[in-house]
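Below is one structure, written out as structure tokens; comments come after it.
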There are 2 protein chains.
Amino acid sequence: MFSQTVEYALRAVVYLAGEKDGPASTAAVAVATRVPPAYLAKVLQSLVKAGIVHARRGVGGGVALAKAPTELTILEVVNAVDPIQRIKTCPLDLASHGTRLCPLHKRLDAALATVEAAFRGTTLAEVVAEPSRSKPLCDVPVQPLKVRGPDRKQNTEGVF
Amino acid sequence: MFSQTVEYALRAVVYLAGEKDGPASTAAVAVATRVPPAYLAKVLQSLVKAGIVHARRGVGGGVALAKAPTELTILEVVNAVDPIQRIKTCPLDLASHGTRLCPLHKRLDAALATVEAAFRGTTLAEVVAEPSRSKPLCDVPVQPLKVRGPDRKQNTEGVF
DNA sequence: AGATATTCGGATACACATATCCGATTACAC
DNA sequence: GTGTAATCGGATATGTGTATCCGAATATCT
């Protein structure tokens with residue numbers, strides 16, 4: 001239902017919301033959130049373009065939230081990487097009755113609307129501050145995830 | 001958000017709900033719903049496997065609803081072709097806190113739950129009977145669909 | 001200025017959803 | 001039985017989301 005990319009983006013911003021002091025490198029975020037590093041870089045680029053996170057290059061650089069967690073909604077993050085497409089016109093190519101939707105698509109769009117509303121009404125701050133036993137990232141990296149070797153490219157068979 | 005396949009499946013069952021007399025051939029359904037005929041056949045097969053529609057081969061055969069529209073919910077149709085995946089465990093591989101979800105995923109799953117509930121609570125009969133100007137299939141094939149040019153890229157948005 | 005750490009952005013590979021095609025199978029009509 | 005209409009099911013294309021890699025650009029530190 002929600003794409004993998006959305007999941008990754010949300011994990012990243014949740015993690016960044018907890019990093020108060022200075023930017024975090026994408027590699028650090030990747031380890032903490034267990035997102036494939038190379039792909040996370042792409043996702044973060046989308047978030048940068050959307051103005052949600054701010055990136056700084058060079059030594060000591062990294063990415064950080066551009067807004068306060070209290071001002072950042074889940075909807076903004078979702079829409080930055082995989083926008084929720086509301087049903088505005090009839091999906092059948094002939095737009096015979098203008099903006100009016102048939103009963104079927106009216107209901108589908110209503111479902112989308114509830115999701116959109118729920119996401120719009122939830123800020124990152126609420127997520128990270130929620131009084132719960134479980135940390136927002138599902139208590140992630142107690143042990144630093146044993147960095148796999150230099151770089152095992154997975155050509156299972158045959159030498160290189 | 002919802003896959004193309006879901007859209008096709010819903011169009012098909014809505015159409016079949018209006019076909020009271022005898023089965024309709026997949027070709028007929030394809031024309032009426034404007035779904036690619038070859039692909040619709042696959043979608044219908046899924047619905048057959050799920051016991052939602054009944055198929056009869058041979059002359060005069062075709063597909064028909066297996067249940068009364070009053071007994072068939074949108075959720076059943078959706079789950080037959082592209083099941084709504086509720087978030088039951090932490091998406092991070094380490095299932096450290098069993099069934100308890102972190103605040104983030106609790107909210108995502110809550111959104112899924114509302115969609116699921118909305119779909120479970122809507123029967124096909126309600127959709128086709130809705131007092132509305134627009135017919136459920138967005139008044140489909142008054143004229144037999146003037147074959148658009150060479151082949152238009154249809155429906156630029158993946159979703160509906 | 002040079003070395004280093006880091007993001008940026010394009011090229012590429014891979015997997016899966018979407019879509020098409022065709023022969024096999026089944027059922028009815030004659 | 002034979003012919004015909006229709007689904008069934010596998011093989012195959014195509015497109016898009018997912019994921020990887022690497023060089024270029026940029027900023028900091030010595």
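Just remember, in the structure tokens the first chain shown is A, the second B, etc., residues are 1-based per chain, and ligands are 1-based in the order shown.
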
> Skipping near chain neighbours, those fewer than 4 positions away, what residues fall within 8 Å of Pro37 of chain B using only C-alpha atoms (C1' of nucleotides), listed as an NGL selection string?
Replying inline: :B and (26-27 or 30-31 or 41)

Could you turn the residues from that selection into a file that holds C-alpha atoms, as an mmCIF file, in the first residue's frame?
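Wrote it out as result03.cif, contents follow:
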```cif
data_model
loop_
_atom_site.group_PDB
_atom_site.id
_atom_site.type_symbol
_atom_site.label_atom_id
_atom_site.label_comp_id
_atom_site.auth_asym_id
_atom_site.auth_seq_id
_atom_site.Cartn_x
_atom_site.Cartn_y
_atom_site.Cartn_z
ATOM 1 C CA THR B 26 -14.399 -11.166 -20.870
ATOM 2 C CA ALA B 27 -14.264 -9.364 -24.177
ATOM 3 C CA ALA B 30 -13.189 -5.361 -21.414
ATOM 4 C CA VAL B 31 -15.003 -3.118 -23.843
ATOM 5 C CA ALA B 41 -8.491 -11.991 -18.410
#
```

Return the neighbours of chain A among the residues of chain D, cut-off 7 Å, counting only C-alpha atoms (C1' of nucleotides), as a PDB file with C-alpha atoms (C1' of nucleotides), in the first residue's frame.
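Okay, part-v8.pdb is ready:
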```
ATOM      1  C1'  DA D  19      18.849  -0.508  -5.703  1.00  0.00           C
ATOM      2  C1'  DT D  20      23.905   0.006  -6.871  1.00  0.00           C
ATOM      3  C1'  DT D  26      31.784  21.135  -2.814  1.00  0.00           C
ATOM      4  C1'  DA D  27      33.208  22.295   1.785  1.00  0.00           C
ATOM      5  C1'  DT D  28      36.357  21.814   5.717  1.00  0.00           C
TER       6       DT D  28
END
```

Within 10 Å of chain B: each chain C residue with its shortest pair, only C-alpha atoms (C1' of nucleotides), as a Markdown table:
```
| residue | atom | partner | partner_atom | distance |
| --- | --- | --- | --- | --- |
| C:DA17 | C1' | B:Ser3 | CA | 8.8 |
| C:DT18 | C1' | B:Tyr39 | CA | 8.1 |
| C:DA19 | C1' | B:Tyr39 | CA | 5.9 |
| C:DT20 | C1' | B:Ala38 | CA | 6.4 |
| C:DC21 | C1' | B:Ala38 | CA | 8.4 |
| C:DT25 | C1' | B:Arg57 | CA | 9.4 |
| C:DT26 | C1' | B:Arg57 | CA | 6.0 |
| C:DA27 | C1' | B:Gly58 | CA | 4.2 |
| C:DC28 | C1' | B:Val59 | CA | 5.3 |
| C:DA29 | C1' | B:Val59 | CA | 8.3 |
```

N, CA and C atoms (P, O5', C5', C4', C3', O3' and C1' of nucleotides) of the current selection, written as a PDB file, in the first residue's frame:
```pdb
ATOM      1  P    DA C  17       4.712  -7.482  -7.639  1.00  0.00           P
ATOM      2  O5'  DA C  17       3.808  -6.467  -8.475  1.00  0.00           O
ATOM      3  C5'  DA C  17       3.933  -5.065  -8.244  1.00  0.00           C
ATOM      4  C4'  DA C  17       3.540  -4.292  -9.489  1.00  0.00           C
ATOM      5  C3'  DA C  17       2.154  -4.629 -10.042  1.00  0.00           C
ATOM      6  O3'  DA C  17       1.499  -3.425 -10.412  1.00  0.00           O
ATOM      7  C1'  DA C  17       3.797  -4.985 -11.721  1.00  0.00           C
ATOM      8  P    DT C  18      -0.014  -3.471 -10.946  1.00  0.00           P
ATOM      9  O5'  DT C  18       0.166  -3.453 -12.528  1.00  0.00           O
ATOM     10  C5'  DT C  18       0.837  -2.348 -13.117  1.00  0.00           C
ATOM     11  C4'  DT C  18       1.088  -2.615 -14.585  1.00  0.00           C
ATOM     12  C3'  DT C  18      -0.161  -2.971 -15.414  1.00  0.00           C
ATOM     13  O3'  DT C  18      -0.294  -2.012 -16.447  1.00  0.00           O
ATOM     14  C1'  DT C  18       1.638  -4.405 -15.926  1.00  0.00           C
ATOM     15  P    DA C  19      -1.666  -1.969 -17.324  1.00  0.00           P
ATOM     16  O5'  DA C  19      -1.340  -2.942 -18.534  1.00  0.00           O
ATOM     17  C5'  DA C  19      -0.311  -2.572 -19.444  1.00  0.00           C
ATOM     18  C4'  DA C  19      -0.027  -3.730 -20.388  1.00  0.00           C
ATOM     19  C3'  DA C  19      -1.252  -4.351 -21.077  1.00  0.00           C
ATOM     20  O3'  DA C  19      -1.223  -3.971 -22.449  1.00  0.00           O
ATOM     21  C1'  DA C  19       0.355  -5.989 -20.427  1.00  0.00           C
ATOM     22  P    DT C  20      -2.332  -4.530 -23.462  1.00  0.00           P
ATOM     23  O5'  DT C  20      -1.569  -5.784 -24.097  1.00  0.00           O
ATOM     24  C5'  DT C  20      -0.247  -5.601 -24.569  1.00  0.00           C
ATOM     25  C4'  DT C  20       0.278  -6.894 -25.186  1.00  0.00           C
ATOM     26  C3'  DT C  20      -0.721  -7.621 -26.109  1.00  0.00           C
ATOM     27  O3'  DT C  20      -0.119  -7.797 -27.376  1.00  0.00           O
ATOM     28  C1'  DT C  20       0.295  -9.121 -24.572  1.00  0.00           C
ATOM     29  P    DC C  21      -1.023  -8.361 -28.617  1.00  0.00           P
ATOM     30  O5'  DC C  21      -0.591  -9.898 -28.657  1.00  0.00           O
ATOM     31  C5'  DC C  21       0.785 -10.218 -28.464  1.00  0.00           C
ATOM     32  C4'  DC C  21       0.976 -11.734 -28.427  1.00  0.00           C
ATOM     33  C3'  DC C  21       0.004 -12.534 -29.300  1.00  0.00           C
ATOM     34  O3'  DC C  21       0.736 -13.364 -30.180  1.00  0.00           O
ATOM     35  C1'  DC C  21       0.110 -13.428 -27.091  1.00  0.00           C
ATOM     36  P    DT C  25      -4.335 -29.915 -23.185  1.00  0.00           P
ATOM     37  O5'  DT C  25      -5.680 -29.302 -22.615  1.00  0.00           O
ATOM     38  C5'  DT C  25      -5.650 -28.478 -21.450  1.00  0.00           C
ATOM     39  C4'  DT C  25      -7.031 -27.909 -21.186  1.00  0.00           C
ATOM     40  C3'  DT C  25      -8.161 -28.945 -21.175  1.00  0.00           C
ATOM     41  O3'  DT C  25      -8.801 -28.900 -19.917  1.00  0.00           O
ATOM     42  C1'  DT C  25      -8.746 -27.023 -22.443  1.00  0.00           C
ATOM     43  P    DT C  26      -9.801 -30.078 -19.460  1.00  0.00           P
ATOM     44  O5'  DT C  26     -11.225 -29.407 -19.670  1.00  0.00           O
ATOM     45  C5'  DT C  26     -11.538 -28.209 -18.964  1.00  0.00           C
ATOM     46  C4'  DT C  26     -12.712 -27.513 -19.624  1.00  0.00           C
ATOM     47  C3'  DT C  26     -13.974 -28.370 -19.731  1.00  0.00           C
ATOM     48  O3'  DT C  26     -14.974 -27.795 -18.917  1.00  0.00           O
ATOM     49  C1'  DT C  26     -13.562 -27.104 -21.699  1.00  0.00           C
ATOM     50  P    DA C  27     -16.245 -28.664 -18.440  1.00  0.00           P
ATOM     51  O5'  DA C  27     -17.370 -28.108 -19.419  1.00  0.00           O
ATOM     52  C5'  DA C  27     -17.733 -26.737 -19.329  1.00  0.00           C
ATOM     53  C4'  DA C  27     -18.493 -26.326 -20.564  1.00  0.00           C
ATOM     54  C3'  DA C  27     -19.746 -27.149 -20.857  1.00  0.00           C
ATOM     55  O3'  DA C  27     -20.850 -26.276 -20.940  1.00  0.00           O
ATOM     56  C1'  DA C  27     -18.433 -26.903 -22.801  1.00  0.00           C
ATOM     57  P    DC C  28     -22.323 -26.828 -20.590  1.00  0.00           P
ATOM     58  O5'  DC C  28     -23.110 -26.531 -21.944  1.00  0.00           O
ATOM     59  C5'  DC C  28     -23.138 -25.195 -22.412  1.00  0.00           C
ATOM     60  C4'  DC C  28     -23.120 -25.196 -23.926  1.00  0.00           C
ATOM     61  C3'  DC C  28     -24.326 -25.853 -24.596  1.00  0.00           C
ATOM     62  O3'  DC C  28     -25.101 -24.849 -25.231  1.00  0.00           O
ATOM     63  C1'  DC C  28     -22.279 -26.367 -25.697  1.00  0.00           C
ATOM     64  P    DA C  29     -26.541 -25.252 -25.845  1.00  0.00           P
ATOM     65  O5'  DA C  29     -26.215 -25.453 -27.395  1.00  0.00           O
ATOM     66  C5'  DA C  29     -25.544 -24.414 -28.094  1.00  0.00           C
ATOM     67  C4'  DA C  29     -25.427 -24.769 -29.579  1.00  0.00           C
ATOM     68  C3'  DA C  29     -26.666 -25.429 -30.184  1.00  0.00           C
ATOM     69  O3'  DA C  29     -26.876 -24.934 -31.506  1.00  0.00           O
ATOM     70  C1'  DA C  29     -24.803 -26.890 -30.383  1.00  0.00           C
TER      71       DA C  29
END
```

>> Taking only C-alpha atoms into account, name the residue in A:Ala117, A:Ala28, A:Ala111, A:Val48 that is nearest to chain B.
In response: A:Ala111

> Do you know which residues are at most 9 Å from Thr122 of chain B counting only C-alpha atoms (C1' of nucleotides), after dropping those on the same chain fewer than 4 positions away, and could you put them as a PyMOL selection string?
Replying inline: (chain A and resi 107) or (chain B and resi 72-75+117-118+126-127)

>> Please identify the alpha helix (DSSP H) residues within segment 20-100 of chain B (assignment by DSSP from backbone atoms) and present them as a VMD selection string.
In response: chain B and resid 26 to 33 37 to 49 74 to 81

>> Measuring between only C-alpha atoms, which one of A:Gln45, A:Gly22, A:Ala66, A:Leu10 shows the shortest distance to chain B?
In response: A:Leu10

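Between Pro91 of chain A and the candidates A:Val77, A:Val14, A:Leu108, A:Met1, the tightest atom-to-atom separation, counting only C-alpha atoms, involves A:Leu108.
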
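Compared by their closest atoms to Arg86 of chain A, and using only C-alpha atoms, the residues B:Ala110, B:Phe2, B:Gly62, B:Tyr15 rank with B:Phe2 nearest.
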
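Each of D:DG15, D:DC8, D:DA24, D:DC29 was compared to Ala55 of chain B using only C-alpha atoms (C1' of nucleotides), and D:DC8 turns out to be the nearest.
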
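Between atom CA of Leu47 of chain B and atom CA of Ala80 of chain B there is a distance of 6.1 Å.
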